[in-house]
Amino acid sequence: MTDVTIRWAGPADAVASSTYKIERSLDNAAWTVLAAAQASTSPYASVYTTLASNTTYGVATVALTSATSFSSTGYGWIDDALIQWTGKSVINLTGVVWHSGYGTYAAASAVYEAHESYADTGITISLNAVLYRITHTVSGLGSPPAYLWYYSPPVPASNRHCVVIVPIGADLGVDMQAVVSVQAYLASDAQFSEVSGQHLDSNALNANLQSTNAFGLAFFQCWRDSARFDSAGGVDAKYTFVLKPGSGSLTLTASTIPDRDWVLLSQII
């Protein structure tokens with residue numbers, strides 16, 4: 001069983017009478033209503049600002065153009081990154097913990113305080129993810145729903161591995177595509193002389209083929225860059241991911257495989 005707390009920013013038109021319908025799907029087919037009309041909380045419409053400079057995942061201090069309107073402690077969203085902070089100054093959020101995201105977030109990116117939340121307890125996850133749908137209603141009118149993911153990928157094969165999550169969505173980015181082929185490989189296994197076996201080697205392409213699950217997700221056990229060693233002193237070989245191999249395929253190259261348990265492909269290409 002898993003407990004999940006989701007957090008989101010109140011939209012600009014949220015007021016004291018606003019409510020949120022919160023739903024959950026465990027299979028991208030059936031939706032369970034968790035709260036039909038959860039009352040909004042003050043300040044209703046979330047405060048927001050922008051990053052004062054480029055900000056890298058994992059830093060303990062996040063510089064904003066202004067932090068005066070933010071709570072002294074709280075949660076917020078920077079694009080796909082959920083952060084938590086324990087203190088602030090006029091322009092900085094301090095004691096920052098990163099709960100999601102990866103990479104660098106550009107200066108002037110919007111930062112929203114995520115003051116709304118819902119605790120979902122006792123979940124049985126069978127497809128390595130949970131999808132939440134949140135619909136804001138004000139004055140009897142519902143907004144287009146917002147979606148939040150909770151990922152629970154396979155455990156890394158070892159402390160040298162990072163699970164790369166490959167999501168396949170429709171053009172609009174809302175509908176996920178199940179049973180879509182995804183392939184991953186390295187150009188060669190030359191950097192694994194100390195480890196036996198295949199490691200998504202290009203010589204075994206068929207063995208590296210997966211189909212996305214009902215959520216449109218595929219999961220690949222990739223070796224972290226820090227776990228590989230090029231005796232010739234060159235650059236680590238990059239992983240190549242091929243979406244829909246064959247006619248109409250899309251080929252992407254991962255810039256790095258980080259020292260963490262999992263990462264989204266979109267965060268490393």
# chains A, B, ... in the order shown; residues from 1 in each chain; ligands from 1
$ residues_around --residues "Met1 in chain A" --least-positions-apart "3" --cutoff "10 Å" --atoms "only C-alpha atoms" --output "PyMOL selection string"
chain A and resi 121-125
$ select_by_dssp --residues "range 2-198 of chain A" --states "strand (DSSP E)" --output "PDB file with N, CA and C atoms, in the first residue's frame"
ATOM      1  N   THR A   2       0.436   2.262  -0.728  1.00  0.00           N
ATOM      2  CA  THR A   2       1.187   3.502  -0.868  1.00  0.00           C
ATOM      3  C   THR A   2       0.314   4.689  -0.500  1.00  0.00           C
ATOM      4  N   ASP A   3       0.910   5.660   0.185  1.00  0.00           N
ATOM      5  CA  ASP A   3       0.228   6.918   0.499  1.00  0.00           C
ATOM      6  C   ASP A   3       0.824   8.028  -0.365  1.00  0.00           C
ATOM      7  N   VAL A   4      -0.043   8.848  -0.955  1.00  0.00           N
ATOM      8  CA  VAL A   4       0.396   9.916  -1.841  1.00  0.00           C
ATOM      9  C   VAL A   4      -0.295  11.211  -1.440  1.00  0.00           C
ATOM     10  N   THR A   5       0.455  12.288  -1.357  1.00  0.00           N
ATOM     11  CA  THR A   5      -0.134  13.619  -1.181  1.00  0.00           C
ATOM     12  C   THR A   5       0.131  14.416  -2.442  1.00  0.00           C
ATOM     13  N   ILE A   6      -0.925  14.814  -3.129  1.00  0.00           N
ATOM     14  CA  ILE A   6      -0.769  15.628  -4.334  1.00  0.00           C
ATOM     15  C   ILE A   6      -0.916  17.100  -3.966  1.00  0.00           C
ATOM     16  N   ARG A   7      -0.206  17.951  -4.687  1.00  0.00           N
ATOM     17  CA  ARG A   7      -0.212  19.392  -4.403  1.00  0.00           C
ATOM     18  C   ARG A   7      -0.327  20.150  -5.716  1.00  0.00           C
ATOM     19  N   TRP A   8      -1.130  21.198  -5.704  1.00  0.00           N
ATOM     20  CA  TRP A   8      -1.311  21.986  -6.918  1.00  0.00           C
ATOM     21  C   TRP A   8      -1.542  23.454  -6.584  1.00  0.00           C
ATOM     22  N   THR A  19     -14.356  25.139  -5.688  1.00  0.00           N
ATOM     23  CA  THR A  19     -14.213  23.761  -5.228  1.00  0.00           C
ATOM     24  C   THR A  19     -13.371  22.979  -6.236  1.00  0.00           C
ATOM     25  N   TYR A  20     -12.872  21.833  -5.786  1.00  0.00           N
ATOM     26  CA  TYR A  20     -12.064  20.969  -6.648  1.00  0.00           C
ATOM     27  C   TYR A  20     -12.619  19.548  -6.620  1.00  0.00           C
ATOM     28  N   LYS A  21     -12.852  19.008  -7.808  1.00  0.00           N
ATOM     29  CA  LYS A  21     -13.182  17.595  -7.944  1.00  0.00           C
ATOM     30  C   LYS A  21     -11.875  16.856  -8.188  1.00  0.00           C
ATOM     31  N   ILE A  22     -11.584  15.874  -7.344  1.00  0.00           N
ATOM     32  CA  ILE A  22     -10.318  15.156  -7.409  1.00  0.00           C
ATOM     33  C   ILE A  22     -10.604  13.698  -7.733  1.00  0.00           C
ATOM     34  N   GLU A  23     -10.003  13.220  -8.820  1.00  0.00           N
ATOM     35  CA  GLU A  23     -10.210  11.843  -9.259  1.00  0.00           C
ATOM     36  C   GLU A  23      -8.867  11.147  -9.432  1.00  0.00           C
ATOM     37  N   ARG A  24      -8.906   9.817  -9.364  1.00  0.00           N
ATOM     38  CA  ARG A  24      -7.689   9.021  -9.503  1.00  0.00           C
ATOM     39  C   ARG A  24      -7.934   7.842 -10.434  1.00  0.00           C
ATOM     40  N   SER A  25      -6.923   7.565 -11.286  1.00  0.00           N
ATOM     41  CA  SER A  25      -6.966   6.383 -12.133  1.00  0.00           C
ATOM     42  C   SER A  25      -5.725   5.542 -11.888  1.00  0.00           C
ATOM     43  N   THR A  32     -11.789   7.008 -10.201  1.00  0.00           N
ATOM     44  CA  THR A  32     -12.432   6.999  -8.891  1.00  0.00           C
ATOM     45  C   THR A  32     -12.497   8.420  -8.359  1.00  0.00           C
ATOM     46  N   VAL A  33     -13.685   8.852  -7.952  1.00  0.00           N
ATOM     47  CA  VAL A  33     -13.840  10.188  -7.371  1.00  0.00           C
ATOM     48  C   VAL A  33     -13.385  10.138  -5.922  1.00  0.00           C
ATOM     49  N   LEU A  34     -12.335  10.861  -5.605  1.00  0.00           N
ATOM     50  CA  LEU A  34     -11.818  10.915  -4.243  1.00  0.00           C
ATOM     51  C   LEU A  34     -12.467  12.040  -3.443  1.00  0.00           C
ATOM     52  N   ALA A  35     -12.775  13.130  -4.118  1.00  0.00           N
ATOM     53  CA  ALA A  35     -13.451  14.270  -3.492  1.00  0.00           C
ATOM     54  C   ALA A  35     -14.294  14.937  -4.565  1.00  0.00           C
ATOM     55  N   ALA A  36     -15.605  15.003  -4.335  1.00  0.00           N
ATOM     56  CA  ALA A  36     -16.496  15.567  -5.350  1.00  0.00           C
ATOM     57  C   ALA A  36     -16.426  17.089  -5.385  1.00  0.00           C
ATOM     58  N   ALA A  37     -16.182  17.707  -4.239  1.00  0.00           N
ATOM     59  CA  ALA A  37     -16.159  19.173  -4.188  1.00  0.00           C
ATOM     60  C   ALA A  37     -15.349  19.628  -2.983  1.00  0.00           C
ATOM     61  N   GLN A  38     -14.030  19.417  -3.047  1.00  0.00           N
ATOM     62  CA  GLN A  38     -13.173  19.859  -1.946  1.00  0.00           C
ATOM     63  C   GLN A  38     -13.102  21.386  -1.948  1.00  0.00           C
ATOM     64  N   ALA A  39     -13.335  21.991  -0.793  1.00  0.00           N
ATOM     65  CA  ALA A  39     -13.334  23.453  -0.697  1.00  0.00           C
ATOM     66  C   ALA A  39     -11.938  24.012  -0.936  1.00  0.00           C
ATOM     67  N   TYR A  48       2.457  33.719  -7.445  1.00  0.00           N
ATOM     68  CA  TYR A  48       3.504  33.223  -8.335  1.00  0.00           C
ATOM     69  C   TYR A  48       4.493  34.346  -8.633  1.00  0.00           C
ATOM     70  N   THR A  49       5.667  33.921  -9.095  1.00  0.00           N
ATOM     71  CA  THR A  49       6.711  34.848  -9.509  1.00  0.00           C
ATOM     72  C   THR A  49       7.559  34.120 -10.552  1.00  0.00           C
ATOM     73  N   THR A  50       8.782  34.563 -10.781  1.00  0.00           N
ATOM     74  CA  THR A  50       9.653  33.918 -11.760  1.00  0.00           C
ATOM     75  C   THR A  50      11.033  33.683 -11.151  1.00  0.00           C
ATOM     76  N   THR A  55      18.328  27.802 -12.663  1.00  0.00           N
ATOM     77  CA  THR A  55      18.317  27.056 -11.405  1.00  0.00           C
ATOM     78  C   THR A  55      18.432  25.569 -11.691  1.00  0.00           C
ATOM     79  N   THR A  56      19.353  24.912 -11.011  1.00  0.00           N
ATOM     80  CA  THR A  56      19.626  23.503 -11.253  1.00  0.00           C
ATOM     81  C   THR A  56      18.943  22.634 -10.199  1.00  0.00           C
ATOM     82  N   VAL A  62      16.784  28.752  -3.933  1.00  0.00           N
ATOM     83  CA  VAL A  62      16.222  29.126  -5.227  1.00  0.00           C
ATOM     84  C   VAL A  62      15.985  30.630  -5.224  1.00  0.00           C
ATOM     85  N   ALA A  63      16.626  31.325  -6.146  1.00  0.00           N
ATOM     86  CA  ALA A  63      16.509  32.779  -6.229  1.00  0.00           C
ATOM     87  C   ALA A  63      15.328  33.161  -7.108  1.00  0.00           C
ATOM     88  N   GLY A  74       6.621  26.117   2.588  1.00  0.00           N
ATOM     89  CA  GLY A  74       5.570  25.659   1.695  1.00  0.00           C
ATOM     90  C   GLY A  74       6.092  24.820   0.559  1.00  0.00           C
ATOM     91  N   TYR A  75       5.218  24.647  -0.434  1.00  0.00           N
ATOM     92  CA  TYR A  75       5.520  23.860  -1.625  1.00  0.00           C
ATOM     93  C   TYR A  75       5.252  24.705  -2.859  1.00  0.00           C
ATOM     94  N   GLY A  76       5.928  24.360  -3.958  1.00  0.00           N
ATOM     95  CA  GLY A  76       5.685  25.096  -5.191  1.00  0.00           C
ATOM     96  C   GLY A  76       6.089  24.287  -6.407  1.00  0.00           C
ATOM     97  N   TRP A  77       5.611  24.721  -7.568  1.00  0.00           N
ATOM     98  CA  TRP A  77       5.927  24.079  -8.839  1.00  0.00           C
ATOM     99  C   TRP A  77       6.782  24.999  -9.699  1.00  0.00           C
ATOM    100  N   ILE A  78       7.880  24.446 -10.234  1.00  0.00           N
ATOM    101  CA  ILE A  78       8.664  25.078 -11.294  1.00  0.00           C
ATOM    102  C   ILE A  78       8.598  24.115 -12.466  1.00  0.00           C
ATOM    103  N   ALA A  81       8.879  20.366 -11.735  1.00  0.00           N
ATOM    104  CA  ALA A  81       9.557  20.145 -10.456  1.00  0.00           C
ATOM    105  C   ALA A  81       8.694  20.623  -9.289  1.00  0.00           C
ATOM    106  N   LEU A  82       8.429  19.715  -8.360  1.00  0.00           N
ATOM    107  CA  LEU A  82       7.762  20.078  -7.109  1.00  0.00           C
ATOM    108  C   LEU A  82       8.844  20.311  -6.064  1.00  0.00           C
ATOM    109  N   ILE A  83       8.887  21.516  -5.510  1.00  0.00           N
ATOM    110  CA  ILE A  83       9.881  21.849  -4.492  1.00  0.00           C
ATOM    111  C   ILE A  83       9.186  22.147  -3.166  1.00  0.00           C
ATOM    112  N   GLN A  84       9.952  22.014  -2.104  1.00  0.00           N
ATOM    113  CA  GLN A  84       9.502  22.360  -0.760  1.00  0.00           C
ATOM    114  C   GLN A  84      10.567  23.235  -0.134  1.00  0.00           C
ATOM    115  N   TRP A  85      10.166  24.279   0.584  1.00  0.00           N
ATOM    116  CA  TRP A  85      11.146  25.136   1.230  1.00  0.00           C
ATOM    117  C   TRP A  85      10.788  25.330   2.701  1.00  0.00           C
ATOM    118  N   GLY A  87      12.326  28.049   4.514  1.00  0.00           N
ATOM    119  CA  GLY A  87      12.578  29.433   4.888  1.00  0.00           C
ATOM    120  C   GLY A  87      12.636  30.307   3.648  1.00  0.00           C
ATOM    121  N   LYS A  88      12.683  31.615   3.849  1.00  0.00           N
ATOM    122  CA  LYS A  88      12.773  32.529   2.713  1.00  0.00           C
ATOM    123  C   LYS A  88      13.344  33.862   3.153  1.00  0.00           C
ATOM    124  N   ASN A  92      14.872  34.959  -1.922  1.00  0.00           N
ATOM    125  CA  ASN A  92      15.286  33.554  -1.955  1.00  0.00           C
ATOM    126  C   ASN A  92      14.335  32.638  -1.203  1.00  0.00           C
ATOM    127  N   LEU A  93      14.134  31.424  -1.740  1.00  0.00           N
ATOM    128  CA  LEU A  93      13.555  30.328  -0.988  1.00  0.00           C
ATOM    129  C   LEU A  93      14.722  29.487  -0.497  1.00  0.00           C
ATOM    130  N   THR A  94      14.741  29.158   0.791  1.00  0.00           N
ATOM    131  CA  THR A  94      15.884  28.455   1.369  1.00  0.00           C
ATOM    132  C   THR A  94      15.453  27.121   1.969  1.00  0.00           C
ATOM    133  N   VAL A  97      13.964  21.437  -0.792  1.00  0.00           N
ATOM    134  CA  VAL A  97      14.014  20.009  -1.093  1.00  0.00           C
ATOM    135  C   VAL A  97      13.259  19.794  -2.403  1.00  0.00           C
ATOM    136  N   TRP A  98      13.867  19.028  -3.308  1.00  0.00           N
ATOM    137  CA  TRP A  98      13.264  18.765  -4.614  1.00  0.00           C
ATOM    138  C   TRP A  98      12.584  17.407  -4.584  1.00  0.00           C
ATOM    139  N   THR A 104      18.133  21.686 -15.547  1.00  0.00           N
ATOM    140  CA  THR A 104      18.223  23.120 -15.291  1.00  0.00           C
ATOM    141  C   THR A 104      16.935  23.810 -15.729  1.00  0.00           C
ATOM    142  N   TYR A 105      16.460  24.700 -14.882  1.00  0.00           N
ATOM    143  CA  TYR A 105      15.242  25.474 -15.161  1.00  0.00           C
ATOM    144  C   TYR A 105      15.655  26.915 -15.454  1.00  0.00           C
ATOM    145  N   ALA A 110       8.200  30.436 -14.619  1.00  0.00           N
ATOM    146  CA  ALA A 110       7.214  30.734 -13.582  1.00  0.00           C
ATOM    147  C   ALA A 110       7.370  29.793 -12.390  1.00  0.00           C
ATOM    148  N   VAL A 111       7.183  30.335 -11.199  1.00  0.00           N
ATOM    149  CA  VAL A 111       7.198  29.563  -9.954  1.00  0.00           C
ATOM    150  C   VAL A 111       5.872  29.824  -9.239  1.00  0.00           C
ATOM    151  N   TYR A 112       5.082  28.771  -9.045  1.00  0.00           N
ATOM    152  CA  TYR A 112       3.776  28.888  -8.409  1.00  0.00           C
ATOM    153  C   TYR A 112       3.801  28.232  -7.034  1.00  0.00           C
ATOM    154  N   GLU A 113       3.255  28.913  -6.038  1.00  0.00           N
ATOM    155  CA  GLU A 113       3.098  28.255  -4.736  1.00  0.00           C
ATOM    156  C   GLU A 113       1.952  27.250  -4.832  1.00  0.00           C
ATOM    157  N   GLU A 116      -2.659  24.161  -2.413  1.00  0.00           N
ATOM    158  CA  GLU A 116      -3.764  23.202  -2.349  1.00  0.00           C
ATOM    159  C   GLU A 116      -3.198  21.777  -2.299  1.00  0.00           C
ATOM    160  N   SER A 117      -3.883  20.878  -1.588  1.00  0.00           N
ATOM    161  CA  SER A 117      -3.373  19.514  -1.479  1.00  0.00           C
ATOM    162  C   SER A 117      -4.500  18.530  -1.178  1.00  0.00           C
ATOM    163  N   TYR A 118      -4.186  17.250  -1.427  1.00  0.00           N
ATOM    164  CA  TYR A 118      -5.105  16.164  -1.077  1.00  0.00           C
ATOM    165  C   TYR A 118      -4.263  14.938  -0.728  1.00  0.00           C
ATOM    166  N   ALA A 119      -4.578  14.288   0.405  1.00  0.00           N
ATOM    167  CA  ALA A 119      -3.865  13.087   0.841  1.00  0.00           C
ATOM    168  C   ALA A 119      -4.654  11.852   0.422  1.00  0.00           C
ATOM    169  N   ASP A 120      -4.033  11.026  -0.387  1.00  0.00           N
ATOM    170  CA  ASP A 120      -4.635   9.790  -0.896  1.00  0.00           C
ATOM    171  C   ASP A 120      -3.888   8.621  -0.253  1.00  0.00           C
ATOM    172  N   THR A 121      -4.576   7.805   0.529  1.00  0.00           N
ATOM    173  CA  THR A 121      -3.903   6.780   1.319  1.00  0.00           C
ATOM    174  C   THR A 121      -4.332   5.373   0.909  1.00  0.00           C
ATOM    175  N   GLY A 122      -3.437   4.409   1.169  1.00  0.00           N
ATOM    176  CA  GLY A 122      -3.757   3.007   0.971  1.00  0.00           C
ATOM    177  C   GLY A 122      -3.957   2.598  -0.472  1.00  0.00           C
ATOM    178  N   ILE A 123      -3.097   3.097  -1.384  1.00  0.00           N
ATOM    179  CA  ILE A 123      -3.240   2.808  -2.813  1.00  0.00           C
ATOM    180  C   ILE A 123      -2.457   1.543  -3.166  1.00  0.00           C
ATOM    181  N   ALA A 129       2.434   3.612 -11.779  1.00  0.00           N
ATOM    182  CA  ALA A 129       2.082   5.030 -11.790  1.00  0.00           C
ATOM    183  C   ALA A 129       0.641   5.203 -11.326  1.00  0.00           C
ATOM    184  N   VAL A 130       0.329   6.409 -10.882  1.00  0.00           N
ATOM    185  CA  VAL A 130      -1.034   6.817 -10.556  1.00  0.00           C
ATOM    186  C   VAL A 130      -1.274   8.155 -11.238  1.00  0.00           C
ATOM    187  N   LEU A 131      -2.436   8.319 -11.828  1.00  0.00           N
ATOM    188  CA  LEU A 131      -2.768   9.567 -12.506  1.00  0.00           C
ATOM    189  C   LEU A 131      -3.941  10.231 -11.797  1.00  0.00           C
ATOM    190  N   TYR A 132      -3.784  11.510 -11.489  1.00  0.00           N
ATOM    191  CA  TYR A 132      -4.836  12.270 -10.813  1.00  0.00           C
ATOM    192  C   TYR A 132      -5.397  13.330 -11.764  1.00  0.00           C
ATOM    193  N   ARG A 133      -6.701  13.553 -11.651  1.00  0.00           N
ATOM    194  CA  ARG A 133      -7.391  14.552 -12.468  1.00  0.00           C
ATOM    195  C   ARG A 133      -8.077  15.534 -11.525  1.00  0.00           C
ATOM    196  N   ILE A 134      -7.798  16.816 -11.698  1.00  0.00           N
ATOM    197  CA  ILE A 134      -8.326  17.857 -10.801  1.00  0.00           C
ATOM    198  C   ILE A 134      -9.117  18.862 -11.629  1.00  0.00           C
ATOM    199  N   THR A 135     -10.374  19.028 -11.270  1.00  0.00           N
ATOM    200  CA  THR A 135     -11.251  19.964 -11.979  1.00  0.00           C
ATOM    201  C   THR A 135     -11.680  21.073 -11.037  1.00  0.00           C
ATOM    202  N   HIS A 136     -11.353  22.304 -11.396  1.00  0.00           N
ATOM    203  CA  HIS A 136     -11.721  23.477 -10.596  1.00  0.00           C
ATOM    204  C   HIS A 136     -13.088  23.974 -11.031  1.00  0.00           C
ATOM    205  N   THR A 137     -13.955  24.227 -10.059  1.00  0.00           N
ATOM    206  CA  THR A 137     -15.292  24.760 -10.337  1.00  0.00           C
ATOM    207  C   THR A 137     -15.501  26.048  -9.564  1.00  0.00           C
ATOM    208  N   VAL A 138     -15.979  27.086 -10.276  1.00  0.00           N
ATOM    209  CA  VAL A 138     -16.306  28.353  -9.632  1.00  0.00           C
ATOM    210  C   VAL A 138     -17.579  28.884 -10.286  1.00  0.00           C
ATOM    211  N   LEU A 141     -19.254  26.728 -12.929  1.00  0.00           N
ATOM    212  CA  LEU A 141     -18.556  26.430 -14.177  1.00  0.00           C
ATOM    213  C   LEU A 141     -17.263  25.679 -13.891  1.00  0.00           C
ATOM    214  N   GLY A 142     -17.085  24.548 -14.564  1.00  0.00           N
ATOM    215  CA  GLY A 142     -15.887  23.749 -14.380  1.00  0.00           C
ATOM    216  C   GLY A 142     -14.836  24.081 -15.412  1.00  0.00           C
ATOM    217  N   ALA A 146      -6.910  19.510 -14.851  1.00  0.00           N
ATOM    218  CA  ALA A 146      -5.450  19.439 -14.793  1.00  0.00           C
ATOM    219  C   ALA A 146      -5.066  18.030 -14.345  1.00  0.00           C
ATOM    220  N   TYR A 147      -3.898  17.564 -14.762  1.00  0.00           N
ATOM    221  CA  TYR A 147      -3.465  16.208 -14.464  1.00  0.00           C
ATOM    222  C   TYR A 147      -2.150  16.233 -13.681  1.00  0.00           C
ATOM    223  N   LEU A 148      -2.046  15.348 -12.692  1.00  0.00           N
ATOM    224  CA  LEU A 148      -0.827  15.184 -11.923  1.00  0.00           C
ATOM    225  C   LEU A 148      -0.442  13.711 -11.913  1.00  0.00           C
ATOM    226  N   TRP A 149       0.850  13.430 -12.149  1.00  0.00           N
ATOM    227  CA  TRP A 149       1.366  12.066 -12.132  1.00  0.00           C
ATOM    228  C   TRP A 149       2.054  11.767 -10.805  1.00  0.00           C
ATOM    229  N   TYR A 150       1.878  10.531 -10.348  1.00  0.00           N
ATOM    230  CA  TYR A 150       2.729   9.985  -9.296  1.00  0.00           C
ATOM    231  C   TYR A 150       3.368   8.729  -9.883  1.00  0.00           C
ATOM    232  N   TYR A 151       4.710   8.737  -9.997  1.00  0.00           N
ATOM    233  CA  TYR A 151       5.412   7.609 -10.596  1.00  0.00           C
ATOM    234  C   TYR A 151       5.960   6.682  -9.506  1.00  0.00           C
ATOM    235  N   HIS A 161      22.367   1.544 -11.293  1.00  0.00           N
ATOM    236  CA  HIS A 161      21.348   1.712 -12.320  1.00  0.00           C
ATOM    237  C   HIS A 161      20.402   2.875 -12.019  1.00  0.00           C
ATOM    238  N   CYS A 162      19.858   3.430 -13.079  1.00  0.00           N
ATOM    239  CA  CYS A 162      18.788   4.427 -13.014  1.00  0.00           C
ATOM    240  C   CYS A 162      17.694   3.960 -13.969  1.00  0.00           C
ATOM    241  N   VAL A 163      16.461   3.941 -13.509  1.00  0.00           N
ATOM    242  CA  VAL A 163      15.346   3.542 -14.359  1.00  0.00           C
ATOM    243  C   VAL A 163      14.886   4.758 -15.162  1.00  0.00           C
ATOM    244  N   VAL A 164      14.954   4.655 -16.476  1.00  0.00           N
ATOM    245  CA  VAL A 164      14.494   5.733 -17.347  1.00  0.00           C
ATOM    246  C   VAL A 164      13.051   5.442 -17.749  1.00  0.00           C
ATOM    247  N   ILE A 165      12.163   6.370 -17.430  1.00  0.00           N
ATOM    248  CA  ILE A 165      10.744   6.233 -17.757  1.00  0.00           C
ATOM    249  C   ILE A 165      10.487   6.909 -19.096  1.00  0.00           C
ATOM    250  N   VAL A 166       9.945   6.131 -20.033  1.00  0.00           N
ATOM    251  CA  VAL A 166       9.632   6.653 -21.357  1.00  0.00           C
ATOM    252  C   VAL A 166       8.114   6.740 -21.495  1.00  0.00           C
ATOM    253  N   PRO A 167       7.536   7.948 -21.492  1.00  0.00           N
ATOM    254  CA  PRO A 167       6.091   8.100 -21.676  1.00  0.00           C
ATOM    255  C   PRO A 167       5.750   8.386 -23.142  1.00  0.00           C
ATOM    256  N   SER A 181       5.667   0.309 -29.280  1.00  0.00           N
ATOM    257  CA  SER A 181       7.015  -0.219 -29.131  1.00  0.00           C
ATOM    258  C   SER A 181       8.021   0.891 -28.814  1.00  0.00           C
ATOM    259  N   VAL A 182       8.911   0.599 -27.880  1.00  0.00           N
ATOM    260  CA  VAL A 182      10.001   1.505 -27.529  1.00  0.00           C
ATOM    261  C   VAL A 182      11.269   0.663 -27.422  1.00  0.00           C
ATOM    262  N   GLN A 183      12.345   1.186 -27.965  1.00  0.00           N
ATOM    263  CA  GLN A 183      13.609   0.469 -27.982  1.00  0.00           C
ATOM    264  C   GLN A 183      14.683   1.350 -27.358  1.00  0.00           C
ATOM    265  N   ALA A 184      15.626   0.732 -26.646  1.00  0.00           N
ATOM    266  CA  ALA A 184      16.746   1.481 -26.079  1.00  0.00           C
ATOM    267  C   ALA A 184      18.030   0.687 -26.275  1.00  0.00           C
ATOM    268  N   TYR A 185      19.115   1.395 -26.575  1.00  0.00           N
ATOM    269  CA  TYR A 185      20.382   0.687 -26.757  1.00  0.00           C
ATOM    270  C   TYR A 185      21.564   1.645 -26.629  1.00  0.00           C
TER     271      TYR A 185
END
$ atom_distance --atom1 "CA of Ala178 in chain A" --atom2 "CA of Leu217 in chain A"
7.6 Å
$ residues_around --residues "Thr256 in chain A" --least-positions-apart "6" --cutoff "9 Å" --atoms "only C-alpha atoms" --output "CSV table (one decimal) with C-alpha atoms, in the first residue's frame"
chain,number,residue,atom,x,y,z
A,224,ARG,CA,24.4,5.5,-14.5
A,225,ASP,CA,27.2,7.5,-16.1
A,236,ASP,CA,30.6,7.8,-22.0
A,238,LYS,CA,25.0,7.8,-24.8
A,239,TYR,CA,21.8,5.8,-24.6
A,268,ILE,CA,17.6,14.0,-20.0
A,269,ILE,CA,17.3,14.3,-23.8
$ closest_residue --among "A:Ser69, A:Val96, A:Asp27, A:Val47" --to "Ala12 in chain A" --atoms "only C-alpha atoms"
A:Val47
$ atom_distance --atom1 "CA of Ile257 in chain A" --atom2 "CA of Pro154 in chain A"
16.1 Å
$ atom_distance --atom1 "CA of Ala214 in chain A" --atom2 "CA of Leu264 in chain A"
17.2 Å
$ select_by_dssp --residues "range 20-256 of chain A" --states "helix (DSSP H, G or I)" --output "PyMOL selection string"
chain A and resi 190-192+202-208+225-227
$ write_last_selection --atoms "C-alpha atoms" --output "compact mmCIF listing (two decimals), in the first residue's frame"
# COMPACT_ATOMS: atom_id res chain seq x y z
CA ALA A 190 32.94 -1.41 -24.67
CA GLN A 191 32.65 0.48 -21.38
CA PHE A 192 31.53 -2.61 -19.44
CA SER A 202 22.97 -2.37 -30.25
CA ASN A 203 23.85 -5.97 -31.17
CA ALA A 204 20.75 -7.17 -29.32
CA LEU A 205 18.11 -4.70 -30.49
CA ASN A 206 15.18 -7.11 -30.31
CA ALA A 207 15.99 -7.96 -26.71
CA ASN A 208 15.77 -4.28 -25.83
CA ASP A 225 27.19 7.53 -16.13
CA SER A 226 29.19 7.26 -12.89
CA ALA A 227 29.10 3.45 -13.13
